[in-house]
$ cat entry10.tsv   # TSV, C-alpha atoms and all ligand atoms
chain	number	residue	atom	x	y	z
A	1097	MET	CA	5.93	15.78	-10.23
A	1098	SER	CA	7.17	12.32	-11.20
A	1099	GLU	CA	5.76	9.11	-9.78
A	1100	SER	CA	7.82	6.30	-8.27
A	1101	VAL	CA	7.81	3.46	-10.79
A	1102	GLU	CA	9.72	0.23	-11.20
A	1103	LYS	CA	10.21	-1.28	-14.64
A	1104	ASP	CA	10.31	-5.03	-15.49
A	1105	PHE	CA	9.14	-5.84	-11.99
A	1106	ASP	CA	9.09	-9.53	-11.04
A	1107	ILE	CA	5.96	-9.82	-8.89
A	1108	LYS	CA	6.07	-13.54	-8.04
A	1109	ASN	CA	7.43	-13.16	-4.52
A	1110	TYR	CA	4.92	-10.44	-3.67
A	1111	THR	CA	2.00	-12.84	-4.17
A	1112	THR	CA	0.81	-15.26	-1.48
A	1113	PHE	CA	0.66	-17.96	-4.21
A	1114	LYS	CA	4.33	-17.38	-5.09
A	1115	ILE	CA	3.24	-17.47	-8.72
A	1116	GLY	CA	3.69	-14.63	-11.20
A	1117	GLY	CA	5.92	-13.07	-13.78
A	1118	VAL	CA	7.38	-9.78	-14.92
A	1119	ILE	CA	5.14	-6.68	-15.08
A	1120	ASP	CA	6.23	-3.94	-17.51
A	1121	GLU	CA	5.79	-1.09	-15.00
A	1122	VAL	CA	4.65	-0.99	-11.38
A	1123	PHE	CA	3.71	2.25	-9.58
A	1124	PHE	CA	3.85	2.60	-5.79
A	1125	PRO	CA	1.89	5.76	-4.89
A	1126	GLU	CA	2.46	7.14	-1.40
A	1127	SER	CA	-0.36	9.71	-1.19
A	1128	VAL	CA	-3.91	10.17	-2.46
A	1129	GLU	CA	-2.72	12.99	-4.76
A	1130	GLU	CA	-0.05	10.81	-6.36
A	1131	PHE	CA	-2.46	7.86	-6.65
A	1132	VAL	CA	-5.11	9.99	-8.38
A	1133	ARG	CA	-2.53	11.50	-10.72
A	1134	ILE	CA	-1.52	8.02	-11.90
A	1135	LEU	CA	-5.18	6.93	-12.27
A	1136	GLN	CA	-5.92	10.03	-14.37
A	1137	LYS	CA	-2.92	9.38	-16.58
A	1138	TYR	CA	-3.64	5.64	-17.03
A	1139	PRO	CA	-7.42	5.23	-16.60
A	1140	ASN	CA	-7.71	1.43	-16.82
A	1141	ILE	CA	-4.63	0.52	-14.85
A	1142	PRO	CA	-5.15	-2.52	-12.57
A	1143	VAL	CA	-4.80	-1.76	-8.83
A	1144	LEU	CA	-3.57	-4.51	-6.54
A	1145	GLY	CA	-3.11	-4.72	-2.79
A	1146	ASN	CA	-1.41	-7.61	-1.05
A	1147	LEU	CA	-1.96	-10.08	-3.91
A	1148	SER	CA	-3.57	-12.64	-1.61
A	1149	ASN	CA	-6.56	-13.17	-3.87
A	1150	THR	CA	-4.96	-12.76	-7.27
A	1151	LEU	CA	-3.36	-15.32	-9.55
A	1152	VAL	CA	-0.76	-13.48	-11.62
A	1153	SER	CA	0.33	-15.08	-14.87
A	1154	SER	CA	3.76	-16.69	-14.88
A	1155	PHE	CA	4.09	-15.14	-18.36
A	1156	GLY	CA	3.83	-11.73	-16.71
A	1157	TYR	CA	1.71	-8.75	-17.69
A	1158	ASN	CA	2.12	-6.46	-20.62
A	1159	GLY	CA	1.25	-3.08	-19.14
A	1160	LYS	CA	1.23	-0.94	-16.01
A	1161	VAL	CA	-0.03	-1.86	-12.55
A	1162	ILE	CA	-0.44	0.03	-9.25
A	1163	LEU	CA	0.58	-1.68	-6.01
A	1164	THR	CA	-0.84	-0.03	-2.89
A	1165	THR	CA	1.88	-1.21	-0.46
A	1166	LYS	CA	3.04	2.32	0.33
A	1167	MET	CA	-0.45	3.67	1.11
A	1168	ASN	CA	-0.32	2.62	4.74
A	1169	LYS	CA	-1.51	5.31	7.13
A	1170	ILE	CA	-3.96	4.62	9.96
A	1171	SER	CA	-5.63	7.39	11.95
A	1172	VAL	CA	-7.82	7.02	15.03
A	1173	GLU	CA	-10.18	9.61	16.47
A	1174	GLY	CA	-12.21	8.25	19.36
A	1175	THR	CA	-13.92	5.15	17.93
A	1176	THR	CA	-13.58	6.28	14.30
A	1177	VAL	CA	-10.71	4.75	12.35
A	1178	THR	CA	-9.49	5.63	8.87
A	1179	ALA	CA	-7.14	3.26	7.10
A	1180	ASP	CA	-5.40	3.74	3.75
A	1181	CYS	CA	-6.05	1.11	1.10
A	1182	GLY	CA	-2.61	-0.48	1.45
A	1183	VAL	CA	-2.83	-1.14	5.20
A	1184	LYS	CA	-2.60	-4.89	5.82
A	1185	GLY	CA	-5.57	-6.48	7.60
A	1186	PRO	CA	-3.51	-8.21	10.35
A	1187	LYS	CA	-1.67	-4.95	11.10
A	1188	LEU	CA	-4.97	-3.03	11.35
A	1189	ALA	CA	-6.43	-5.70	13.65
A	1190	GLN	CA	-3.38	-5.50	15.94
A	1191	GLU	CA	-3.38	-1.70	16.01
A	1192	MET	CA	-7.09	-1.66	16.89
A	1193	CYS	CA	-6.43	-4.12	19.70
A	1194	LYS	CA	-3.82	-1.72	21.13
A	1195	CYS	CA	-6.51	1.02	21.05
A	1196	ALA	CA	-9.07	-1.35	22.69
A	1197	LEU	CA	-11.34	-0.99	19.64
A	1198	SER	CA	-13.39	-3.96	18.50
A	1199	GLY	CA	-14.94	-4.93	15.15
A	1200	LEU	CA	-11.96	-5.88	12.99
A	1201	GLU	CA	-10.70	-8.94	14.90
A	1202	PHE	CA	-11.40	-11.15	11.87
A	1203	MET	CA	-8.73	-9.32	9.84
A	1204	ILE	CA	-5.98	-10.89	11.96
A	1205	GLY	CA	-6.19	-14.20	10.14
A	1206	PHE	CA	-5.70	-13.48	6.44
A	1207	PRO	CA	-3.24	-11.43	4.46
A	1208	GLY	CA	-5.42	-8.92	2.59
A	1209	SER	CA	-5.05	-5.13	2.33
A	1210	VAL	CA	-7.87	-2.75	3.24
A	1211	GLY	CA	-8.46	-1.92	-0.46
A	1212	GLY	CA	-8.66	-5.60	-1.47
A	1213	GLU	CA	-10.87	-6.39	1.52
A	1214	VAL	CA	-13.33	-3.61	0.68
A	1215	TYR	CA	-13.34	-4.63	-3.00
A	1216	MET	CA	-13.99	-8.28	-2.07
A	1217	ASN	CA	-16.13	-7.51	1.01
A	1218	ALA	CA	-13.90	-9.97	2.86
A	1219	SER	CA	-15.30	-11.83	5.84
A	1220	ALA	CA	-14.37	-14.46	8.38
A	1221	ASN	CA	-15.29	-15.74	11.83
A	1222	GLY	CA	-18.74	-14.15	11.72
A	1223	GLN	CA	-17.44	-10.65	10.93
A	1224	CYS	CA	-17.39	-8.83	7.62
A	1225	VAL	CA	-15.65	-5.71	6.25
A	1226	SER	CA	-18.98	-4.07	5.49
A	1227	ASP	CA	-20.23	-4.51	9.10
A	1228	LYS	CA	-18.15	-1.65	10.46
A	1229	ILE	CA	-17.63	0.57	7.42
A	1230	VAL	CA	-19.01	4.09	7.49
A	1231	SER	CA	-17.72	5.30	4.12
A	1232	VAL	CA	-15.05	4.67	1.50
A	1233	LEU	CA	-12.92	7.26	-0.27
A	1234	CYS	CA	-12.96	6.11	-3.90
A	1235	TYR	CA	-11.81	7.27	-7.29
A	1236	SER	CA	-13.43	6.53	-10.61
A	1237	ARG	CA	-13.14	8.08	-14.02
A	1238	LYS	CA	-16.83	8.96	-13.99
A	1239	MET	CA	-17.09	10.40	-10.48
A	1240	GLY	CA	-13.54	11.55	-9.72
A	1241	LEU	CA	-12.59	11.50	-6.04
A	1242	THR	CA	-15.74	10.74	-4.02
A	1243	THR	CA	-16.63	9.63	-0.52
A	1244	ILE	CA	-19.22	6.88	-0.79
A	1245	LYS	CA	-21.40	5.93	2.17
A	1246	LYS	CA	-21.70	2.28	3.15
A	1247	ASP	CA	-25.28	1.87	1.86
A	1248	GLN	CA	-24.15	3.04	-1.60
A	1249	MET	CA	-21.24	0.57	-1.76
A	1250	GLY	CA	-23.27	-2.40	-3.01
A	1251	PHE	CA	-21.70	-4.83	-0.55
A	1252	ASP	CA	-22.68	-8.45	-1.09
A	1253	TYR	CA	-21.07	-11.90	-0.67
A	1254	ARG	CA	-17.44	-11.45	-1.82
A	1255	THR	CA	-18.23	-8.43	-3.95
A	1256	SER	CA	-18.96	-4.71	-3.84
A	1257	ARG	CA	-19.78	-1.88	-6.16
A	1258	CYS	CA	-16.02	-1.47	-6.76
A	1259	GLU	CA	-16.12	-4.50	-9.03
A	1260	LYS	CA	-19.15	-3.42	-11.08
A	1261	ASP	CA	-18.30	0.28	-11.34
A	1262	GLY	CA	-14.51	0.18	-11.49
A	1263	LEU	CA	-14.12	2.10	-8.22
A	1264	ILE	CA	-10.63	2.35	-6.78
A	1265	VAL	CA	-10.49	2.33	-2.98
A	1266	LEU	CA	-8.14	4.94	-1.50
A	1267	SER	CA	-9.12	4.64	2.15
A	1268	ALA	CA	-11.95	3.40	4.34
A	1269	GLU	CA	-13.51	4.77	7.48
A	1270	PHE	CA	-14.73	2.36	10.17
A	1271	GLU	CA	-16.81	2.95	13.29
A	1272	LEU	CA	-15.66	0.54	16.01
A	1273	GLU	CA	-16.70	-0.27	19.57
A	1274	GLN	CA	-14.71	0.03	22.76
A	1275	ARG	CA	-13.91	-3.32	24.35
A	1276	PRO	CA	-11.27	-4.47	26.85
A	1277	GLN	CA	-7.97	-5.29	25.13
A	1278	GLU	CA	-7.76	-8.78	26.70
A	1279	GLN	CA	-11.12	-9.72	25.14
A	1280	ILE	CA	-10.03	-8.48	21.68
A	1281	GLN	CA	-6.73	-10.35	22.03
A	1282	LYS	CA	-8.55	-13.55	23.03
A	1283	GLN	CA	-10.93	-13.23	20.10
A	1284	MET	CA	-8.01	-12.80	17.68
A	1285	GLU	CA	-6.21	-15.83	19.12
A	1286	GLU	CA	-9.35	-17.93	18.70
A	1287	ASN	CA	-9.64	-16.72	15.10
A	1288	LEU	CA	-6.01	-17.68	14.43
A	1289	ASP	CA	-6.50	-21.03	16.07
A	1290	PHE	CA	-9.52	-21.75	13.86
A	1291	ARG	CA	-7.41	-20.94	10.80
A	1292	ARG	CA	-4.55	-23.21	11.79
A	1293	LYS	CA	-7.06	-26.06	11.90
A	1294	HIS	CA	-9.02	-25.29	8.74
A	1295	GLN	CA	-6.80	-23.44	6.26
A	1296	PRO	CA	-3.33	-23.91	4.80
A	1297	SER	CA	-0.68	-21.62	6.24
A	1298	LEU	CA	1.33	-19.47	3.85
A	1299	ALA	CA	4.21	-21.93	4.24
A	1300	LEU	CA	2.16	-23.75	1.59
A	1301	PRO	CA	1.69	-20.83	-0.82
A	1302	ASN	CA	-1.97	-20.34	-1.72
A	1303	CYS	CA	-4.57	-17.73	-2.56
A	1304	GLY	CA	-7.34	-18.50	-0.07
A	1305	SER	CA	-10.61	-20.03	-1.27
A	1306	VAL	CA	-10.51	-20.63	-4.99
A	1307	PHE	CA	-14.26	-20.67	-5.73
A	1308	LYS	CA	-17.16	-18.80	-4.12
A	1309	ASN	CA	-19.60	-20.92	-2.15
A	1310	PRO	CA	-22.77	-21.49	-4.16
A	1311	MET	CA	-26.05	-20.91	-2.26
A	1312	CYS	CA	-26.85	-24.62	-2.02
A	1313	ASN	CA	-23.63	-26.18	-0.73
A	1314	PRO	CA	-20.10	-25.17	0.28
A	1315	ALA	CA	-17.73	-25.33	-2.70
A	1316	GLY	CA	-15.27	-27.43	-0.65
A	1317	ARG	CA	-17.84	-30.17	-0.06
A	1318	LEU	CA	-18.87	-30.29	-3.73
A	1319	LEU	CA	-15.23	-30.43	-4.81
A	1320	GLU	CA	-14.35	-33.13	-2.31
A	1321	SER	CA	-17.22	-35.31	-3.54
A	1322	VAL	CA	-15.82	-35.28	-7.10
A	1323	GLY	CA	-12.39	-36.43	-5.97
A	1324	ALA	CA	-10.63	-33.05	-6.22
A	1325	LYS	CA	-8.27	-33.86	-3.34
A	1326	GLU	CA	-6.48	-36.42	-5.46
A	1327	ILE	CA	-5.61	-34.05	-8.29
A	1328	MET	CA	-2.26	-32.44	-8.96
A	1329	ILE	CA	-1.31	-30.63	-12.17
A	1330	GLY	CA	2.31	-29.53	-12.58
A	1331	GLY	CA	3.31	-27.99	-9.24
A	1332	ALA	CA	-0.25	-27.17	-8.13
A	1333	ARG	CA	-2.47	-29.48	-6.14
A	1334	VAL	CA	-5.77	-29.37	-4.29
A	1335	TRP	CA	-5.03	-29.12	-0.55
A	1336	ARG	CA	-5.60	-32.46	1.14
A	1337	ASN	CA	-7.49	-31.00	4.12
A	1338	HIS	CA	-9.95	-28.78	2.23
A	1339	SER	CA	-10.80	-29.04	-1.46
A	1340	ASN	CA	-11.49	-25.34	-2.04
A	1341	PHE	CA	-7.80	-24.47	-1.63
A	1342	ILE	CA	-5.13	-24.94	-4.27
A	1343	VAL	CA	-1.59	-24.99	-2.95
A	1344	ASN	CA	1.67	-24.38	-4.76
A	1345	VAL	CA	3.69	-27.44	-3.78
A	1346	ASP	CA	6.42	-27.45	-6.38
A	1347	ASN	CA	7.12	-24.23	-8.25
A	1348	ALA	CA	3.64	-24.17	-9.78
A	1349	LYS	CA	2.92	-22.02	-12.81
A	1350	SER	CA	-0.27	-20.05	-13.43
A	1351	LEU	CA	-1.25	-22.46	-16.21
A	1352	ASP	CA	-1.07	-25.39	-13.74
A	1353	VAL	CA	-3.54	-23.57	-11.46
A	1354	LEU	CA	-5.87	-22.64	-14.34
A	1355	TYR	CA	-5.94	-26.21	-15.71
A	1356	LEU	CA	-6.56	-27.53	-12.20
A	1357	MET	CA	-9.39	-25.06	-11.61
A	1358	SER	CA	-10.92	-25.97	-14.99
A	1359	GLU	CA	-10.74	-29.69	-14.24
A	1360	ILE	CA	-12.38	-29.50	-10.81
A	1361	LYS	CA	-14.97	-26.97	-11.95
A	1362	SER	CA	-16.01	-29.19	-14.87
A	1363	ARG	CA	-16.27	-32.26	-12.60
A	1364	VAL	CA	-18.70	-30.36	-10.34
A	1365	ALA	CA	-20.65	-29.10	-13.37
A	1366	GLN	CA	-20.96	-32.63	-14.75
A	1367	MET	CA	-22.03	-34.24	-11.49
A	1368	TYR	CA	-24.27	-31.51	-10.04
A	1369	ASN	CA	-25.01	-29.14	-12.91
A	1370	ILE	CA	-23.58	-26.31	-10.74
A	1371	LYS	CA	-21.24	-23.72	-12.26
A	1372	LEU	CA	-18.69	-22.76	-9.60
A	1373	GLU	CA	-17.62	-19.13	-9.81
A	1374	PRO	CA	-13.97	-18.25	-9.13
A	1375	GLU	CA	-13.40	-16.17	-6.01
A	1376	ILE	CA	-9.82	-15.46	-7.00
A	1377	LYS	CA	-8.93	-12.88	-9.64
A	1378	PHE	CA	-6.52	-13.29	-12.54
A	1379	LEU	CA	-4.01	-10.86	-14.03
A	1380	GLY	CA	-2.37	-11.81	-17.30
A	1381	ASN	CA	-2.60	-10.83	-20.95
A	1382	LYS	CA	0.29	-12.55	-22.67
A	1383	ASN	CA	-0.72	-16.16	-23.18
A	1384	LYS	CA	-3.72	-17.09	-25.35
A	1385	GLU	CA	-4.32	-20.41	-23.61
A	1386	GLU	CA	-4.54	-18.71	-20.21
A	1387	ILE	CA	-6.90	-16.02	-21.48
A	1388	LYS	CA	-9.15	-18.71	-22.97
A	1389	LEU	CA	-9.11	-20.78	-19.77
A	1390	TRP	CA	-9.93	-17.75	-17.61
A	1391	GLN	CA	-12.78	-16.70	-19.92
A	1392	LYS	CA	-14.22	-20.20	-19.63
A	1393	LEU	CA	-13.79	-20.27	-15.87
A	1394	THR	CA	-15.64	-16.98	-15.41
A	1395	GLN	CA	-18.41	-17.64	-17.94
A	1396	LYS	CA	-21.81	-17.30	-16.20
A	1401	LIG	C1	-4.33	-18.07	3.52
A	1401	LIG	C2	-5.44	-17.17	3.05
A	1401	LIG	C3	-6.63	-17.11	3.76
A	1401	LIG	C4	-7.68	-16.29	3.33
A	1401	LIG	N1	-8.83	-16.25	4.06
A	1401	LIG	C5	-9.83	-15.40	3.69
A	1401	LIG	C6	-11.01	-15.30	4.48
A	1401	LIG	O1	-11.17	-15.93	5.51
A	1401	LIG	N2	-11.97	-14.45	4.07
A	1401	LIG	C7	-11.85	-13.70	2.94
A	1401	LIG	O2	-12.76	-12.94	2.63
A	1401	LIG	N3	-10.74	-13.80	2.16
A	1401	LIG	C8	-9.73	-14.62	2.52
A	1401	LIG	N4	-8.59	-14.72	1.75
A	1401	LIG	C9	-8.51	-14.01	0.45
A	1401	LIG	C10	-7.91	-12.60	0.48
A	1401	LIG	O3	-7.01	-12.42	1.54
A	1401	LIG	C11	-9.01	-11.54	0.54
A	1401	LIG	O4	-9.86	-11.64	-0.59
A	1401	LIG	C12	-8.48	-10.11	0.57
A	1401	LIG	O5	-9.56	-9.23	0.71
A	1401	LIG	C13	-7.69	-9.73	-0.68
A	1401	LIG	O6	-6.96	-8.56	-0.41
A	1401	LIG	P1	-5.65	-8.23	-1.25
A	1401	LIG	O7	-5.19	-6.88	-0.88
A	1401	LIG	O8	-4.65	-9.31	-1.13
A	1401	LIG	O9	-6.26	-8.21	-2.71
A	1401	LIG	P2	-5.54	-8.46	-4.11
A	1401	LIG	O10	-5.35	-9.92	-4.32
A	1401	LIG	O11	-4.37	-7.60	-4.26
A	1401	LIG	O12	-6.72	-7.97	-5.08
A	1401	LIG	C14	-7.97	-8.63	-5.06
A	1401	LIG	C15	-8.96	-7.80	-5.88
A	1401	LIG	O13	-9.14	-6.54	-5.23
A	1401	LIG	C16	-8.82	-5.47	-6.13
A	1401	LIG	N5	-8.18	-4.40	-5.33
A	1401	LIG	C17	-7.11	-4.50	-4.50
A	1401	LIG	N6	-6.85	-3.30	-3.94
A	1401	LIG	C18	-7.75	-2.43	-4.45
A	1401	LIG	C19	-8.01	-1.03	-4.28
A	1401	LIG	N7	-7.27	-0.27	-3.47
A	1401	LIG	N8	-9.04	-0.48	-4.97
A	1401	LIG	C20	-9.81	-1.23	-5.80
A	1401	LIG	N9	-9.61	-2.55	-6.01
A	1401	LIG	C21	-8.60	-3.13	-5.34
A	1401	LIG	C22	-7.87	-6.06	-7.15
A	1401	LIG	O14	-7.90	-5.35	-8.37
A	1401	LIG	C23	-8.42	-7.48	-7.29
A	1401	LIG	O15	-9.49	-7.51	-8.19
A	1401	LIG	C24	-7.53	-15.52	2.16
A	1401	LIG	C25	-6.32	-15.58	1.44
A	1401	LIG	C26	-5.29	-16.39	1.89
A	1401	LIG	C27	-4.01	-16.43	1.11

$ encode --input "entry10.tsv" --output "structure tokens"
Amino acid sequence: MSESVEKDFDIKNYTTFKIGGVIDEVFFPESVEEFVRILQKYPNIPVLGNLSNTLVSSFGYNGKVILTTKMNKISVEGTTVTADCGVKGPKLAQEMCKCALSGLEFMIGFPGSVGGEVYMNASANGQCVSDKIVSVLCYSRKMGLTTIKKDQMGFDYRTSRCEKDGLIVLSAEFELEQRPQEQIQKQMEENLDFRRKHQPSLALPNCGSVFKNPMCNPAGRLLESVGAKEIMIGGARVWRNHSNFIVNVDNAKSLDVLYLMSEIKSRVAQMYNIKLEPEIKFLGNKNKEEIKLWQKLTQK
């Protein structure tokens, strides 16, 4: 059976940063069987969800990529919910509200997919993906198709075992709690309200927090103290209201963002001797300068 694939796919407008280039081939699996078939055929193929945490190179990517957009089924049985990896967080939050099920209200406010959120162990407003997870259906070359229980998922701050062990998330099962719909709705509105005040909207294309918070101090505060808010490189600038966001203000290119990240990271390293670690991911293999910058940015 043949897979649905698009060649020379311009990914820029699929990313929340509105930055990216042409990918040689992009697959859009619609079922677990099709997904696994592609993974078996192309073992190291990158898998991406809603591209809200990934900087894609403006030079594009030489190779194949899977986008999970068409893996979007949700099933509910009592208080147990299973969501495919491509389901968008805000959609899942709204659907759970309709079912009067609580535990995923935080997903309303940011544009991740279930797969990306499990991979990153996304969190907000005092809730976290790993709080309500029971198990994750994963695929890896070593283990094949396996259901992994929450305590084996290695969830930690903005990471999970997926990252270390190359696990691909196919779906996740959550155990939620019954709660009156009005209370869930109110909680989601409060979460959205908080965001409007503290984070850039997608009208200013961005990728969420750029660096992870070190143990000692929030990254935003460290960056603000080194004057990050004043810096703009090409079309990318540090957001004026919070220094841990980079916004695409004028047709920014991936190199602009990487130079900007390098500059603000090195200012923090010089002043505080703290090495900020990128929270965002990077996809690109065509430009030597970018590869060098990314290696430097992720050096431990
Ligand atoms: C405005 C804005 C606000 C944000 N606020 C928050 C916030 O409050 N809290 C928070 O935690 N994050 C936040 N983010 C960041 C982002 O939304 C999350 O990290 C989210 O979990 C990423 O999901 P995604 O599908 O977009 O991932 P992508 O960017 O597509 O991918 C991110 C990583 O996950 C991997 N991945 C994606 N899908 C799969 C899969 N099925 N299997 C295995 N690996 C996979 C990718 O390979 C990549 O390494 C925000 C982003 C934006 C733009």

$ residues_near_ligand --input "entry10.tsv" --ligand "ligand LIG 1401 (chain A)" --cutoff "7 Å" --atoms "all atoms listed in the file" --output "PDB file with C-alpha atoms, in the frame of the given file"
ATOM      1  CA  THR A1112       0.810 -15.260  -1.480  1.00  0.00           C
ATOM      2  CA  PRO A1142      -5.150  -2.520 -12.570  1.00  0.00           C
ATOM      3  CA  VAL A1143      -4.800  -1.760  -8.830  1.00  0.00           C
ATOM      4  CA  LEU A1144      -3.570  -4.510  -6.540  1.00  0.00           C
ATOM      5  CA  GLY A1145      -3.110  -4.720  -2.790  1.00  0.00           C
ATOM      6  CA  ASN A1146      -1.410  -7.610  -1.050  1.00  0.00           C
ATOM      7  CA  LEU A1147      -1.960 -10.080  -3.910  1.00  0.00           C
ATOM      8  CA  SER A1148      -3.570 -12.640  -1.610  1.00  0.00           C
ATOM      9  CA  ASN A1149      -6.560 -13.170  -3.870  1.00  0.00           C
ATOM     10  CA  THR A1150      -4.960 -12.760  -7.270  1.00  0.00           C
ATOM     11  CA  THR A1164      -0.840  -0.030  -2.890  1.00  0.00           C
ATOM     12  CA  CYS A1181      -6.050   1.110   1.100  1.00  0.00           C
ATOM     13  CA  GLY A1182      -2.610  -0.480   1.450  1.00  0.00           C
ATOM     14  CA  GLY A1205      -6.190 -14.200  10.140  1.00  0.00           C
ATOM     15  CA  PHE A1206      -5.700 -13.480   6.440  1.00  0.00           C
ATOM     16  CA  PRO A1207      -3.240 -11.430   4.460  1.00  0.00           C
ATOM     17  CA  GLY A1208      -5.420  -8.920   2.590  1.00  0.00           C
ATOM     18  CA  SER A1209      -5.050  -5.130   2.330  1.00  0.00           C
ATOM     19  CA  VAL A1210      -7.870  -2.750   3.240  1.00  0.00           C
ATOM     20  CA  GLY A1211      -8.460  -1.920  -0.460  1.00  0.00           C
ATOM     21  CA  GLY A1212      -8.660  -5.600  -1.470  1.00  0.00           C
ATOM     22  CA  GLU A1213     -10.870  -6.390   1.520  1.00  0.00           C
ATOM     23  CA  VAL A1214     -13.330  -3.610   0.680  1.00  0.00           C
ATOM     24  CA  TYR A1215     -13.340  -4.630  -3.000  1.00  0.00           C
ATOM     25  CA  MET A1216     -13.990  -8.280  -2.070  1.00  0.00           C
ATOM     26  CA  ASN A1217     -16.130  -7.510   1.010  1.00  0.00           C
ATOM     27  CA  ALA A1218     -13.900  -9.970   2.860  1.00  0.00           C
ATOM     28  CA  SER A1219     -15.300 -11.830   5.840  1.00  0.00           C
ATOM     29  CA  ALA A1220     -14.370 -14.460   8.380  1.00  0.00           C
ATOM     30  CA  ARG A1254     -17.440 -11.450  -1.820  1.00  0.00           C
ATOM     31  CA  CYS A1258     -16.020  -1.470  -6.760  1.00  0.00           C
ATOM     32  CA  LEU A1263     -14.120   2.100  -8.220  1.00  0.00           C
ATOM     33  CA  ILE A1264     -10.630   2.350  -6.780  1.00  0.00           C
ATOM     34  CA  VAL A1265     -10.490   2.330  -2.980  1.00  0.00           C
ATOM     35  CA  LEU A1266      -8.140   4.940  -1.500  1.00  0.00           C
ATOM     36  CA  GLN A1295      -6.800 -23.440   6.260  1.00  0.00           C
ATOM     37  CA  PRO A1296      -3.330 -23.910   4.800  1.00  0.00           C
ATOM     38  CA  SER A1297      -0.680 -21.620   6.240  1.00  0.00           C
ATOM     39  CA  LEU A1298       1.330 -19.470   3.850  1.00  0.00           C
ATOM     40  CA  ASN A1302      -1.970 -20.340  -1.720  1.00  0.00           C
ATOM     41  CA  CYS A1303      -4.570 -17.730  -2.560  1.00  0.00           C
ATOM     42  CA  GLY A1304      -7.340 -18.500  -0.070  1.00  0.00           C
ATOM     43  CA  SER A1305     -10.610 -20.030  -1.270  1.00  0.00           C
ATOM     44  CA  LYS A1377      -8.930 -12.880  -9.640  1.00  0.00           C
TER      45      LYS A1377
END

$ axis_aligned_box --input "entry10.tsv" --around "region 1368-1374 of chain A" --padding-each-side "3 Å" --output "JSON"
{"center_x": -19.5, "center_y": -24.9, "center_z": -11.0, "size_x": 17.0, "size_y": 19.3, "size_z": 9.8}

$ atom_distance --input "entry10.tsv" --atom1 "CA of Ile1119 (chain A)" --atom2 "CA of Leu1393 (chain A)"
23.3 Å

$ closest_residue --input "entry10.tsv" --among "A:Glu1121, A:Arg1275, A:Ala1324, A:Met1239" --to "Glu1102 (chain A)" --atoms "all atoms listed in the file"
A:Glu1121

$ closest_residue --input "entry10.tsv" --among "A:Ala1196, A:Ser1153, A:Leu1356, A:Gln1190" --to "Lys1384 (chain A)" --atoms "all atoms listed in the file"
A:Ser1153

$ atom_distance --input "entry10.tsv" --atom1 "CA of Ser1350 (chain A)" --atom2 "CA of Tyr1157 (chain A)"
12.2 Å

$ residues_around --input "entry10.tsv" --residues "region 1169-1180 of chain A" --least-positions-apart "3" --cutoff "7 Å" --atoms "only C-alpha atoms" --output "tab-separated table (two decimals) with C-alpha atoms, in the coordinates of the input"
chain	number	residue	atom	x	y	z
A	1183	VAL	CA	-2.83	-1.14	5.20
A	1197	LEU	CA	-11.34	-0.99	19.64
A	1210	VAL	CA	-7.87	-2.75	3.24
A	1266	LEU	CA	-8.14	4.94	-1.50
A	1267	SER	CA	-9.12	4.64	2.15
A	1268	ALA	CA	-11.95	3.40	4.34
A	1269	GLU	CA	-13.51	4.77	7.48
A	1270	PHE	CA	-14.73	2.36	10.17
A	1271	GLU	CA	-16.81	2.95	13.29
A	1272	LEU	CA	-15.66	0.54	16.01
A	1273	GLU	CA	-16.70	-0.27	19.57

$ atom_distance --input "entry10.tsv" --atom1 "CA of Val1306 (chain A)" --atom2 "CA of Glu1375 (chain A)"
5.4 Å

$ build_atoms --input "entry10.tsv" --residues "region 1122-1130 of chain A" --atoms "N, CA and C atoms" --output "PDB file, in the coordinates of the input"
ATOM      1  N   VAL A1122       5.458  -0.972 -12.610  1.00  0.00           N
ATOM      2  CA  VAL A1122       4.650  -0.990 -11.380  1.00  0.00           C
ATOM      3  C   VAL A1122       4.830   0.334 -10.649  1.00  0.00           C
ATOM      4  N   PHE A1123       3.697   0.981 -10.332  1.00  0.00           N
ATOM      5  CA  PHE A1123       3.710   2.250  -9.580  1.00  0.00           C
ATOM      6  C   PHE A1123       3.425   1.965  -8.110  1.00  0.00           C
ATOM      7  N   PHE A1124       4.056   2.739  -7.238  1.00  0.00           N
ATOM      8  CA  PHE A1124       3.850   2.600  -5.790  1.00  0.00           C
ATOM      9  C   PHE A1124       3.471   3.962  -5.201  1.00  0.00           C
ATOM     10  N   PRO A1125       2.237   4.433  -5.418  1.00  0.00           N
ATOM     11  CA  PRO A1125       1.890   5.760  -4.890  1.00  0.00           C
ATOM     12  C   PRO A1125       1.965   5.795  -3.371  1.00  0.00           C
ATOM     13  N   GLU A1126       2.322   7.004  -2.855  1.00  0.00           N
ATOM     14  CA  GLU A1126       2.460   7.140  -1.400  1.00  0.00           C
ATOM     15  C   GLU A1126       1.440   8.106  -0.825  1.00  0.00           C
ATOM     16  N   SER A1127       0.659   8.769  -1.689  1.00  0.00           N
ATOM     17  CA  SER A1127      -0.360   9.710  -1.190  1.00  0.00           C
ATOM     18  C   SER A1127      -1.562   9.647  -2.131  1.00  0.00           C
ATOM     19  N   VAL A1128      -2.693  10.157  -1.636  1.00  0.00           N
ATOM     20  CA  VAL A1128      -3.910  10.170  -2.460  1.00  0.00           C
ATOM     21  C   VAL A1128      -3.667  10.985  -3.729  1.00  0.00           C
ATOM     22  N   GLU A1129      -2.957  12.110  -3.595  1.00  0.00           N
ATOM     23  CA  GLU A1129      -2.720  12.990  -4.760  1.00  0.00           C
ATOM     24  C   GLU A1129      -1.937  12.239  -5.831  1.00  0.00           C
ATOM     25  N   GLU A1130      -0.878  11.552  -5.394  1.00  0.00           N
ATOM     26  CA  GLU A1130      -0.050  10.810  -6.360  1.00  0.00           C
ATOM     27  C   GLU A1130      -0.855   9.678  -7.005  1.00  0.00           C
TER      28      GLU A1130
END
